[in-house]
$ cat final13.cif   # mmCIF, C-alpha atoms
data_structure
#
loop_
_atom_site.label_atom_id
_atom_site.label_comp_id
_atom_site.auth_asym_id
_atom_site.auth_seq_id
_atom_site.Cartn_x
_atom_site.Cartn_y
_atom_site.Cartn_z
CA MET M 30 10.75 -88.99 -5.77
CA SER M 31 8.04 -87.12 -3.98
CA GLN M 32 8.74 -83.68 -2.72
CA ALA M 33 7.25 -81.58 -0.01
CA LEU M 34 4.12 -79.68 -1.01
CA ASP M 35 3.87 -77.31 1.90
CA THR M 36 4.56 -73.91 0.38
CA PRO M 37 2.98 -72.30 -2.65
CA GLY M 38 6.34 -72.37 -4.40
CA GLN M 39 6.70 -76.09 -3.85
CA ILE M 40 3.20 -76.74 -5.13
CA ALA M 41 3.72 -74.62 -8.23
CA SER M 42 7.10 -76.18 -8.98
CA ALA M 43 5.80 -79.70 -8.50
CA ILE M 44 2.94 -79.12 -10.93
CA SER M 45 5.41 -77.78 -13.44
CA GLN M 46 7.36 -80.99 -13.06
CA GLY M 47 4.30 -83.10 -13.77
CA ASP M 48 3.38 -84.03 -10.22
CA ARG M 49 -0.33 -84.87 -10.35
CA LYS M 50 -0.59 -85.07 -6.61
CA ALA M 51 0.46 -81.44 -6.47
CA GLU M 52 -2.56 -80.51 -8.56
CA ALA M 53 -4.84 -82.06 -5.96
CA VAL M 54 -2.99 -80.18 -3.24
CA LEU M 55 -3.50 -76.97 -5.21
CA LEU M 56 -7.24 -77.43 -5.22
CA ASP M 57 -7.41 -78.55 -1.62
CA ARG M 58 -5.55 -75.49 -0.56
CA TYR M 59 -7.19 -72.78 -2.62
CA TYR M 60 -10.51 -73.91 -4.07
CA ARG M 61 -12.77 -72.92 -1.20
CA THR M 62 -11.19 -69.50 -0.76
CA LEU M 63 -11.20 -68.76 -4.45
CA LEU M 64 -14.85 -69.77 -4.71
CA TYR M 65 -15.65 -67.38 -1.86
CA ILE M 66 -13.84 -64.57 -3.67
CA LEU M 67 -15.66 -65.24 -6.92
CA ARG M 68 -19.05 -65.49 -5.20
CA LYS M 69 -18.39 -62.04 -3.78
CA ARG M 70 -17.40 -60.70 -7.18
CA VAL M 71 -20.09 -62.16 -9.41
CA ARG M 72 -22.87 -62.70 -6.83
CA ASP M 73 -24.08 -65.81 -8.55
CA GLU M 74 -23.34 -69.27 -7.20
CA GLU M 75 -23.36 -71.17 -10.46
CA HIS M 76 -21.38 -68.54 -12.29
CA ALA M 77 -18.86 -68.42 -9.46
CA ARG M 78 -18.35 -72.18 -9.58
CA ASP M 79 -17.86 -72.08 -13.34
CA LEU M 80 -15.27 -69.34 -13.03
CA CYS M 81 -13.55 -71.15 -10.21
CA GLN M 82 -13.20 -74.31 -12.24
CA GLU M 83 -11.91 -72.38 -15.19
CA THR M 84 -9.40 -70.53 -13.03
CA PHE M 85 -7.87 -73.77 -11.83
CA ARG M 86 -7.85 -75.29 -15.28
CA ILE M 87 -6.03 -72.29 -16.69
CA THR M 88 -3.61 -72.32 -13.78
CA ILE M 89 -2.80 -76.01 -14.07
CA GLU M 90 -2.36 -75.81 -17.83
CA ARG M 91 -0.11 -72.80 -17.43
CA LEU M 92 2.03 -74.43 -14.77
CA ARG M 93 2.44 -77.58 -16.82
CA ARG M 94 3.46 -75.59 -19.83
CA GLU M 95 5.80 -73.21 -18.10
CA PRO M 96 6.89 -72.67 -14.50
CA LEU M 97 6.04 -69.39 -12.84
CA ALA M 98 8.79 -66.81 -12.70
CA GLU M 99 7.96 -66.40 -9.01
CA PRO M 100 6.44 -69.67 -7.81
CA GLU M 101 5.92 -68.35 -4.30
CA LYS M 102 3.41 -65.87 -5.71
CA LEU M 103 1.05 -68.65 -6.70
CA ALA M 104 -1.83 -67.07 -4.75
CA ALA M 105 -1.41 -63.77 -6.58
CA PHE M 106 -1.36 -65.66 -9.87
CA LEU M 107 -4.60 -67.42 -9.02
CA GLN M 108 -6.21 -64.18 -7.94
CA SER M 109 -5.24 -62.36 -11.12
CA ILE M 110 -6.72 -65.07 -13.30
CA ALA M 111 -9.91 -65.19 -11.28
CA ALA M 112 -10.23 -61.42 -11.33
CA ASN M 113 -9.71 -61.21 -15.07
CA LEU M 114 -12.24 -63.92 -15.70
CA SER M 115 -14.80 -62.30 -13.49
CA ILE M 116 -14.59 -58.92 -15.14
CA ALA M 117 -14.25 -60.11 -18.69
CA GLU M 118 -17.14 -59.02 -20.89
CA GLY M 119 -18.66 -61.25 -23.51
CA ARG M 120 -16.54 -64.10 -22.27
CA LYS M 121 -17.32 -67.26 -23.91
CA ARG M 122 -17.65 -69.99 -21.31
CA GLU M 123 -16.66 -73.41 -22.36
CA ARG M 124 -16.45 -76.29 -20.15
CA ARG M 125 -13.63 -78.58 -21.15
CA GLN M 126 -15.49 -81.78 -20.54
CA THR M 127 -12.77 -83.75 -22.18
CA TYR M 128 -10.14 -82.43 -19.84
CA ALA M 129 -9.68 -85.76 -18.17
CA ASP M 130 -6.24 -85.22 -16.74
CA SER M 131 -7.52 -83.46 -13.70
CA ASP M 132 -10.83 -85.01 -12.80
CA TYR M 133 -10.24 -83.70 -9.30
CA VAL M 134 -11.45 -80.31 -10.43
CA GLU M 135 -14.83 -81.75 -11.34
CA LEU M 136 -14.91 -83.74 -8.14
CA VAL M 137 -14.36 -80.71 -5.94
CA ALA M 138 -16.86 -78.66 -7.91
CA ASP M 139 -19.54 -81.26 -7.37
CA THR M 140 -19.04 -81.32 -3.63
CA GLY M 141 -22.17 -80.44 -1.74
CA ALA M 142 -22.52 -77.99 1.12
CA ASP M 143 -19.39 -77.80 3.19
CA GLN M 144 -20.42 -79.33 6.47
CA SER M 145 -17.94 -77.31 8.45
CA VAL M 146 -19.44 -74.13 7.04
CA VAL M 147 -22.93 -75.30 7.99
CA LEU M 148 -21.83 -75.95 11.56
CA ASP M 149 -20.00 -72.64 11.74
CA ARG M 150 -23.08 -70.79 10.61
CA GLU M 151 -25.15 -72.36 13.36
CA ARG M 152 -22.63 -71.33 15.96
CA ILE M 153 -22.48 -67.84 14.58
CA ALA M 154 -26.24 -67.49 14.44
CA SER M 155 -26.42 -68.57 18.06
CA ALA M 156 -23.68 -66.14 19.01
CA VAL M 157 -25.46 -63.28 17.27
CA ARG M 158 -28.69 -64.06 19.10
CA HIS M 159 -26.89 -64.05 22.43
CA LEU M 160 -25.08 -60.86 21.55
CA LEU M 161 -28.33 -59.10 20.76
CA THR M 162 -29.97 -60.26 24.00
CA GLU M 163 -27.07 -58.77 25.93
CA LEU M 164 -27.62 -55.41 24.30
CA ASP M 165 -29.93 -53.57 26.65
CA ASN M 166 -28.86 -50.14 25.51
CA LEU M 167 -31.14 -48.86 22.78
CA ARG M 168 -28.52 -46.57 21.39
CA ASP M 169 -25.98 -49.38 21.03
CA GLN M 170 -28.57 -51.44 19.20
CA ARG M 171 -29.14 -48.56 16.85
CA ILE M 172 -25.43 -48.13 16.25
CA LEU M 173 -25.05 -51.77 15.27
CA TYR M 174 -28.12 -51.60 13.07
CA ARG M 175 -26.89 -48.53 11.26
CA TYR M 176 -23.42 -49.99 10.81
CA TYR M 177 -24.14 -53.60 9.90
CA ILE M 178 -27.57 -53.40 8.30
CA ASP M 179 -27.78 -49.96 6.74
CA GLU M 180 -23.99 -49.93 6.18
CA LEU M 181 -23.72 -46.25 6.99
CA ASP M 182 -20.44 -44.49 7.45
CA LYS M 183 -19.10 -43.87 10.94
CA GLU M 184 -19.37 -40.12 10.39
CA GLU M 185 -23.01 -40.39 9.40
CA ILE M 186 -23.86 -42.59 12.36
CA CYS M 187 -22.10 -40.33 14.83
CA ALA M 188 -23.86 -37.29 13.41
CA GLU M 189 -27.26 -38.91 13.46
CA LEU M 190 -27.00 -40.35 16.95
CA GLU M 191 -24.90 -37.53 18.39
CA LEU M 192 -22.00 -39.78 19.31
CA THR M 193 -18.33 -39.22 19.71
CA HIS M 194 -16.04 -41.27 17.51
CA ARG M 195 -14.63 -42.85 20.63
CA HIS M 196 -18.05 -44.04 21.72
CA PHE M 197 -18.75 -45.45 18.26
CA ASP M 198 -15.43 -47.31 18.16
CA LYS M 199 -16.06 -48.70 21.63
CA VAL M 200 -19.49 -50.03 20.74
CA ILE M 201 -18.33 -51.70 17.52
CA SER M 202 -15.19 -53.07 19.11
CA ARG M 203 -17.15 -54.37 22.10
CA ALA M 204 -19.67 -56.09 19.82
CA ARG M 205 -16.93 -57.75 17.79
CA THR M 206 -15.04 -58.88 20.89
CA ARG M 207 -18.13 -60.21 22.59
CA PHE M 208 -19.19 -61.94 19.40
CA ARG M 209 -15.85 -63.71 19.15
CA GLU M 210 -16.06 -64.75 22.79
CA LEU M 211 -19.47 -66.26 22.19
CA VAL M 212 -18.36 -68.08 19.05
CA ASP M 213 -15.26 -69.44 20.78
CA ALA M 214 -17.33 -70.50 23.76
CA SER M 215 -19.77 -72.36 21.56
CA GLY M 216 -16.89 -74.07 19.82
CA ARG M 217 -15.32 -75.24 23.07
CA ASP M 218 -18.45 -76.16 24.91
CA ASN M 219 -20.47 -77.23 21.89
CA LEU M 220 -23.48 -75.35 23.16
CA LEU M 221 -24.41 -71.97 24.41
CA GLU M 222 -27.26 -71.67 26.85
CA PRO M 223 -30.46 -71.27 24.86
CA VAL M 224 -31.60 -67.72 24.40
CA GLN M 225 -34.72 -67.10 26.41
CA GLY M 226 -37.45 -64.60 25.75
CA ARG M 227 -39.25 -62.69 28.43
CA ASP M 228 -41.68 -65.49 29.02
CA GLY M 229 -38.84 -67.83 29.81
CA HIS M 230 -39.16 -69.97 26.73
CA ALA M 231 -36.05 -70.65 24.69
CA MET X 1 -20.21 -46.27 3.46
CA HIS X 2 -17.35 -46.75 5.86
CA ASN X 3 -14.37 -44.48 5.53
CA HIS X 4 -12.24 -45.43 8.46
CA ASP X 5 -9.30 -47.82 8.53
CA THR X 6 -8.52 -48.40 12.11
CA GLY X 7 -7.57 -52.09 11.85
CA PRO X 8 -8.13 -55.43 10.15
CA ASP X 9 -11.74 -55.55 11.32
CA ASP X 10 -12.51 -52.30 9.55
CA LEU X 11 -10.77 -53.51 6.40
CA ILE X 12 -12.81 -56.70 6.49
CA ASP X 13 -16.00 -54.71 6.91
CA ARG X 14 -15.10 -52.58 3.92
CA TYR X 15 -14.49 -55.68 1.84
CA LEU X 16 -17.79 -57.18 2.88
CA CYS X 17 -19.55 -53.94 2.01
CA GLY X 18 -17.97 -54.06 -1.43
CA GLN X 19 -16.00 -50.86 -0.89
CA LEU X 20 -12.54 -52.12 -1.70
CA ARG X 21 -11.35 -51.41 -5.21
CA GLY X 22 -8.32 -51.85 -7.41
CA GLU X 23 -5.08 -52.64 -5.66
CA ALA X 24 -6.68 -52.71 -2.22
CA LEU X 25 -9.12 -55.38 -3.35
CA THR X 26 -6.39 -57.35 -5.08
CA ASN X 27 -4.20 -57.32 -2.00
CA PHE X 28 -7.09 -58.30 0.20
CA GLU X 29 -8.04 -61.27 -1.98
CA VAL X 30 -4.46 -62.45 -2.24
CA ARG X 31 -4.15 -62.27 1.53
CA MET X 32 -7.25 -64.44 1.90
CA LEU X 33 -5.70 -67.01 -0.40
CA GLU X 34 -2.38 -66.96 1.41
CA GLU X 35 -3.54 -66.80 5.04
CA ALA X 36 -6.08 -69.38 6.10
CA GLU X 37 -6.71 -67.66 9.44
CA PHE X 38 -7.41 -64.35 7.74
CA PHE X 39 -9.86 -66.04 5.38
CA ALA X 40 -11.57 -67.67 8.35
CA ALA X 41 -11.91 -64.25 10.00
CA VAL X 42 -13.45 -62.82 6.84
CA GLN X 43 -15.91 -65.70 6.61
CA GLU X 44 -16.85 -65.32 10.23
CA ALA X 45 -17.37 -61.59 9.89
CA GLY X 46 -19.49 -62.16 6.81
CA MET X 47 -21.68 -64.68 8.56
CA MET X 48 -22.00 -62.42 11.59
CA ARG X 49 -23.17 -59.63 9.32
CA GLU X 50 -25.71 -61.86 7.62
CA GLU X 51 -27.05 -63.31 10.85
CA MET X 52 -27.25 -59.91 12.47
CA ARG X 53 -29.12 -58.58 9.48
CA MET X 54 -31.61 -61.43 9.66
CA ALA X 55 -32.05 -61.07 13.41
CA MET X 56 -32.50 -57.31 13.36
CA GLU X 57 -34.69 -57.12 10.30
CA SER X 58 -37.04 -59.84 11.41
CA GLY X 59 -37.27 -58.30 14.92
CA GLY X 60 -40.16 -59.20 17.21
CA GLY X 61 -40.55 -62.82 16.23
CA GLU X 62 -41.06 -65.38 18.92
CA ASP X 63 -37.66 -66.88 18.29
CA GLN X 64 -35.87 -63.57 18.30
CA PRO X 65 -34.10 -62.24 21.35
CA GLN X 66 -36.26 -60.00 23.49
CA LEU X 67 -34.31 -56.86 24.18
CA HIS X 68 -34.60 -54.97 27.40
CA GLU X 69 -36.07 -51.51 27.20
CA PRO X 70 -33.82 -48.81 28.50
CA VAL X 71 -34.90 -46.78 31.48
CA VAL X 72 -33.45 -43.48 30.35
CA ILE X 73 -36.09 -40.85 29.86
CA GLU X 74 -34.72 -37.85 28.09
CA SER X 75 -36.99 -35.13 29.31
CA PRO X 76 -39.83 -35.67 31.73
CA SER X 77 -43.02 -34.00 30.73
CA PHE X 78 -44.77 -31.37 32.76
CA GLY X 79 -47.58 -33.76 33.48
CA MET X 80 -45.15 -36.37 34.69
CA TRP X 81 -43.52 -34.33 37.46
CA ILE X 82 -46.67 -32.68 38.57
CA ARG X 83 -48.29 -36.03 39.09
CA GLN X 84 -45.54 -37.11 41.49
CA PRO X 85 -46.95 -37.09 44.98
CA MET X 86 -45.10 -34.97 47.43
CA SER X 87 -44.83 -37.89 49.75
CA LEU X 88 -42.84 -39.83 47.18
CA VAL X 89 -39.58 -40.21 49.02
CA ALA X 90 -38.36 -42.85 46.61
CA SER X 91 -36.69 -40.47 44.18
CA VAL X 92 -33.27 -40.71 42.74
CA LEU X 93 -30.80 -37.90 43.31
CA LEU X 94 -27.51 -37.26 41.82
CA GLY X 95 -25.06 -34.90 43.36
CA ILE X 96 -22.09 -32.99 42.25
CA SER X 97 -19.09 -35.31 41.96
CA LEU X 98 -15.58 -35.14 43.36
CA LEU X 99 -14.66 -34.10 39.88
CA PHE X 100 -12.06 -31.50 40.75
CA ALA X 101 -10.10 -34.01 42.75
CA MET X 102 -10.20 -36.60 39.99
CA ILE X 103 -9.80 -34.78 36.76
CA ASP X 104 -6.14 -34.14 35.92
CA ARG X 105 -6.55 -33.22 32.31
CA ALA X 106 -8.31 -30.57 30.32
CA PRO X 107 -11.86 -31.64 29.65
CA GLU X 108 -13.18 -32.20 26.18
CA TYR X 109 -16.14 -30.18 25.06
CA PRO X 110 -18.32 -32.25 22.79
CA GLU X 111 -21.25 -30.90 20.87
CA ASN X 112 -23.65 -30.90 23.81
CA GLY X 113 -21.66 -28.02 25.30
CA PHE X 114 -20.81 -29.80 28.51
CA ALA X 115 -17.36 -30.94 29.49
CA VAL X 116 -18.75 -34.42 29.66
CA ASP X 117 -19.17 -37.40 27.39
CA SER X 118 -22.92 -37.52 27.68
CA VAL X 119 -25.94 -36.22 29.54
CA VAL X 120 -28.20 -38.86 30.98
CA SER X 121 -31.57 -38.18 32.52
CA PHE X 122 -33.38 -40.32 35.06
CA ALA X 123 -36.89 -40.30 36.26
CA PRO X 124 -38.79 -42.64 38.52
CA VAL X 125 -39.64 -45.75 36.54
CA ARG X 126 -41.75 -48.62 37.65
CA GLY X 127 -40.52 -52.08 36.96
CA ASP X 128 -37.27 -53.91 37.26
CA GLN X 129 -35.64 -53.00 33.96
CA ASN X 130 -33.45 -50.24 35.32
CA LEU X 131 -29.92 -50.98 34.17
CA VAL X 132 -28.16 -48.16 32.39
CA VAL X 133 -24.91 -48.80 30.58
CA LEU X 134 -22.41 -45.98 30.18
CA ASP X 135 -18.86 -45.83 29.00
CA ALA X 136 -16.07 -45.04 31.40
CA GLY X 137 -16.11 -41.33 30.79
CA VAL X 138 -17.46 -38.23 32.46
CA HIS X 139 -21.23 -38.08 32.43
CA LEU X 140 -23.70 -35.53 33.65
CA LEU X 141 -26.53 -37.35 35.33
CA GLN X 142 -29.68 -35.48 36.09
CA VAL X 143 -32.64 -36.71 38.02
CA ASP X 144 -36.12 -35.42 38.28
CA VAL X 145 -37.03 -35.52 41.95
CA GLY X 146 -40.07 -33.36 41.59
CA ILE X 147 -40.76 -29.86 42.77
CA SER X 148 -41.12 -29.64 46.51
CA LEU X 149 -42.94 -26.96 48.47
CA ASN X 150 -40.27 -27.28 51.12
CA GLU X 151 -36.63 -26.74 50.51
CA ALA X 152 -35.70 -30.39 50.32
CA VAL X 153 -32.19 -31.70 50.35
CA TYR X 154 -31.34 -35.05 48.89
CA GLN X 155 -28.56 -37.44 49.68
CA VAL X 156 -27.11 -39.12 46.65
CA GLU X 157 -24.95 -42.21 46.85
CA LEU X 158 -23.11 -43.89 43.99
CA ALA X 159 -21.46 -47.09 45.18
CA ASN X 160 -19.94 -50.12 43.50
CA ALA X 161 -21.03 -53.65 44.37
CA GLU X 162 -18.18 -54.22 46.80
CA ARG X 163 -18.73 -50.77 48.32
CA SER X 164 -15.02 -50.22 47.93
CA ARG X 165 -15.82 -46.96 46.23
CA VAL X 166 -18.68 -44.88 47.57
CA LEU X 167 -19.48 -41.35 46.52
CA VAL X 168 -21.93 -39.46 48.69
CA TYR X 169 -23.32 -35.97 48.13
CA ARG X 170 -25.92 -33.67 49.58
CA LEU X 171 -27.72 -31.75 46.88
CA ALA X 172 -30.60 -29.43 46.39
CA PRO X 173 -32.67 -29.54 43.23
CA ASP X 174 -33.10 -26.57 40.93
CA SER X 175 -36.40 -24.76 40.40
CA ASN X 176 -37.56 -27.47 38.04
CA GLY X 177 -36.94 -30.22 40.52
CA ILE X 178 -33.83 -31.47 38.76
CA VAL X 179 -30.75 -32.58 40.64
CA ARG X 180 -27.52 -32.83 38.67
CA PHE X 181 -24.43 -34.84 39.28
CA VAL X 182 -21.24 -35.33 37.30
CA THR X 183 -19.62 -38.72 37.50
CA PRO X 184 -15.88 -39.05 37.95
CA ASP X 185 -13.90 -40.23 34.97
CA ASN X 186 -12.87 -43.87 34.57
CA LEU X 187 -15.51 -45.48 36.70
CA SER X 188 -15.68 -49.15 35.89
CA GLY X 189 -18.06 -51.94 36.77
CA ASP X 190 -21.50 -52.06 38.28
CA TYR X 191 -22.71 -49.26 40.52
CA VAL X 192 -25.88 -48.65 42.44
CA LEU X 193 -27.35 -45.17 42.52
CA THR X 194 -29.58 -44.39 45.46
CA VAL X 195 -31.31 -41.21 46.42
CA THR X 196 -32.79 -40.35 49.75
CA ARG X 197 -34.70 -37.29 50.72
CA GLU X 198 -33.37 -35.91 53.94
CA GLY X 199 -35.59 -34.86 56.77
CA SER X 200 -38.68 -36.78 55.84
CA ALA X 201 -41.53 -35.90 58.17
CA ASP X 202 -41.96 -39.43 59.37
CA GLY X 203 -38.28 -40.25 59.18
CA ALA X 204 -38.87 -42.98 56.64
CA ASP X 205 -36.43 -43.23 53.80
CA SER X 206 -37.94 -44.79 50.75
CA LEU X 207 -35.34 -45.46 48.14
CA GLU X 208 -35.48 -45.99 44.48
CA ARG X 209 -32.36 -47.42 42.97
CA TYR X 210 -30.81 -47.48 39.58
CA GLN X 211 -28.19 -49.88 38.33
CA ILE X 212 -25.44 -48.26 36.30
CA ARG X 213 -22.76 -50.17 34.50
CA PHE X 214 -19.67 -48.32 33.45
CA GLU X 215 -17.76 -50.03 30.66
#
$ encode --input "final13.cif" --output "structure tokens"
Amino acid sequence: MSQALDTPGQIASAISQGDRKAEAVLLDRYYRTLLYILRKRVRDEEHARDLCQETFRITIERLRREPLAEPEKLAAFLQSIAANLSIAEGRKRERRQTYADSDYVELVADTGADQSVVLDRERIASAVRHLLTELDNLRDQRILYRYYIDELDKEEICAELELTHRHFDKVISRARTRFRELVDASGRDNLLEPVQGRDGHA
Amino acid sequence: MHNHDTGPDDLIDRYLCGQLRGEALTNFEVRMLEEAEFFAAVQEAGMMREEMRMAMESGGGEDQPQLHEPVVIESPSFGMWIRQPMSLVASVLLGISLLFAMIDRAPEYPENGFAVDSVVSFAPVRGDQNLVVLDAGVHLLQVDVGISLNEAVYQVELANAERSRVLVYRLAPDSNGIVRFVTPDNLSGDYVLTVTREGSADGADSLERYQIRFE
């Protein structure tokens, strides 16, 4: 009898009961996010993918062997394993090539560029270009540059540019809001108007 | 380094900058795993940061956005005002605002010493790139109208596009040819600033206008 696999607790419990479909649901639900987290931690694509695969293998083996005390905290369990793996020193990496029970892990790991991410990036790049063309205040440009590129602290930026905190917050908030509007608009309408330079060319 | 936590956006920025540690980082990562929308917001913010970095660092390429140059000139040089012909009627004046009637709270005194949010200077600029963007606070606007041999008086008008709000003042410049004007608080939208010299010998009023956007 199949059971619902909507909540983390249901997924974890199903895997513990030997439901192979639940293992696929586990990867569908968490693989991409966990890979993102590990990329951020280890800053190496290949290493991140290795750690991600190992995280899911450890998780699946653990769930098969013994149910979680708190199945609803499946995400926290995944995160703790991934974190420990990423910070472990002198870890010996072994790929369990013979682990045939969950070929889905290998299948997901071999997936090429996520097409939705590629499309999102194009929309975001377009939105950023439009956002920057709308910035005709030199000081606002400088604020964004210092914040997003140089990653300076708000206090440092305000001191350097002689700004009030309120002004700084307004500029950053306005940029974020306008950016989201542009991204949403490009998603609905599929296209933003091409950005034009001063000579009128896009 | 960012040290402010004023909302989820700031927390996301701190994560993307690698400034979250320990329990804060753990909680953040768990939240990304549990909330698909939150993860999407983090991804989007990360891509925005990357694209903005690429756009700003590459700056000046043919495919990069061409940014308008601001028209604010902080302090006109001696040579600049002395070169202004006396017959140049097209100068921009700013007058003293209706501030006392509009302010109902104690003013703040930021570091510039004025009870205003900023001090903005204008000078005659050729070209059509004359939009100035200000926040909806109190601003001291000062305009170089040039030193006149005669005691000139200037009419300053600050009006919105619908002309539903029009502020008009008659002002005299100081000894350096600077006219000052304090904007009311909470102006919003697009305004046109025009200055006219009163009593021109030939009666002609040549205007030079500035576009101001209060946000």
$ resolve_selection --input "final13.cif" --expression "the PyMOL selection byres ((chain M and resi 195) around 12)" --output "ChimeraX atom specification"
/M:183-184,187,191-194,196-203 /X:6,110,117,135-137
$ closest_residue --input "final13.cif" --among "X:Glu215, X:Glu51, X:Asp10, X:Glu35" --to "chain M" --atoms "all atoms listed in the file"
X:Glu51
$ residues_around --input "final13.cif" --residues "stretch 38-50 of chain M" --least-positions-apart "2" --cutoff "6 Å" --atoms "only C-alpha atoms" --output "ChimeraX atom specification"
/M:34,36,52-53,92-93,96,100-101
$ resolve_selection --input "final13.cif" --expression "the PyMOL selection byres ((chain M) within 6 of (chain X))" --output "mmCIF file with C-alpha atoms, keeping the file's coordinate frame"
data_model
loop_
_atom_site.group_PDB
_atom_site.id
_atom_site.type_symbol
_atom_site.label_atom_id
_atom_site.label_comp_id
_atom_site.auth_asym_id
_atom_site.auth_seq_id
_atom_site.Cartn_x
_atom_site.Cartn_y
_atom_site.Cartn_z
ATOM 1 C CA ALA M 104 -1.830 -67.070 -4.750
ATOM 2 C CA ALA M 105 -1.410 -63.770 -6.580
ATOM 3 C CA ALA M 154 -26.240 -67.490 14.440
ATOM 4 C CA THR M 162 -29.970 -60.260 24.000
ATOM 5 C CA ASP M 165 -29.930 -53.570 26.650
ATOM 6 C CA ASN M 166 -28.860 -50.140 25.510
ATOM 7 C CA ILE M 178 -27.570 -53.400 8.300
ATOM 8 C CA GLU M 180 -23.990 -49.930 6.180
ATOM 9 C CA LEU M 181 -23.720 -46.250 6.990
ATOM 10 C CA ASP M 182 -20.440 -44.490 7.450
ATOM 11 C CA GLY M 226 -37.450 -64.600 25.750
#
$ atom_distance --input "final13.cif" --atom1 "atom CA of M:Tyr177" --atom2 "atom CA of M:Phe208"
13.6 Å
$ residues_around --input "final13.cif" --residues "M:Arg78" --least-positions-apart "5" --cutoff "9 Å" --atoms "only C-alpha atoms" --output "ChimeraX atom specification"
/M:64,67-68,73,83,138
$ atom_distance --input "final13.cif" --atom1 "atom CA of M:Thr84" --atom2 "atom CA of X:Pro8"
27.7 Å
$ atom_distance --input "final13.cif" --atom1 "atom CA of M:Leu160" --atom2 "atom CA of M:Leu211"
7.8 Å
$ closest_residue --input "final13.cif" --among "M:Val212, M:Leu190, M:Lys102, M:Asp35" --to "M:Asp57" --atoms "all atoms listed in the file"
M:Asp35
$ residues_around --input "final13.cif" --residues "stretch 169-173 of chain X" --least-positions-apart "2" --cutoff "6 Å" --atoms "only C-alpha atoms" --output "ChimeraX atom specification"
/X:95,153-156,177-179
$ closest_residue --input "final13.cif" --among "M:Leu173, M:Ala204, M:Ile110, M:Ala156" --to "M:Arg91" --atoms "all atoms listed in the file"
M:Ile110
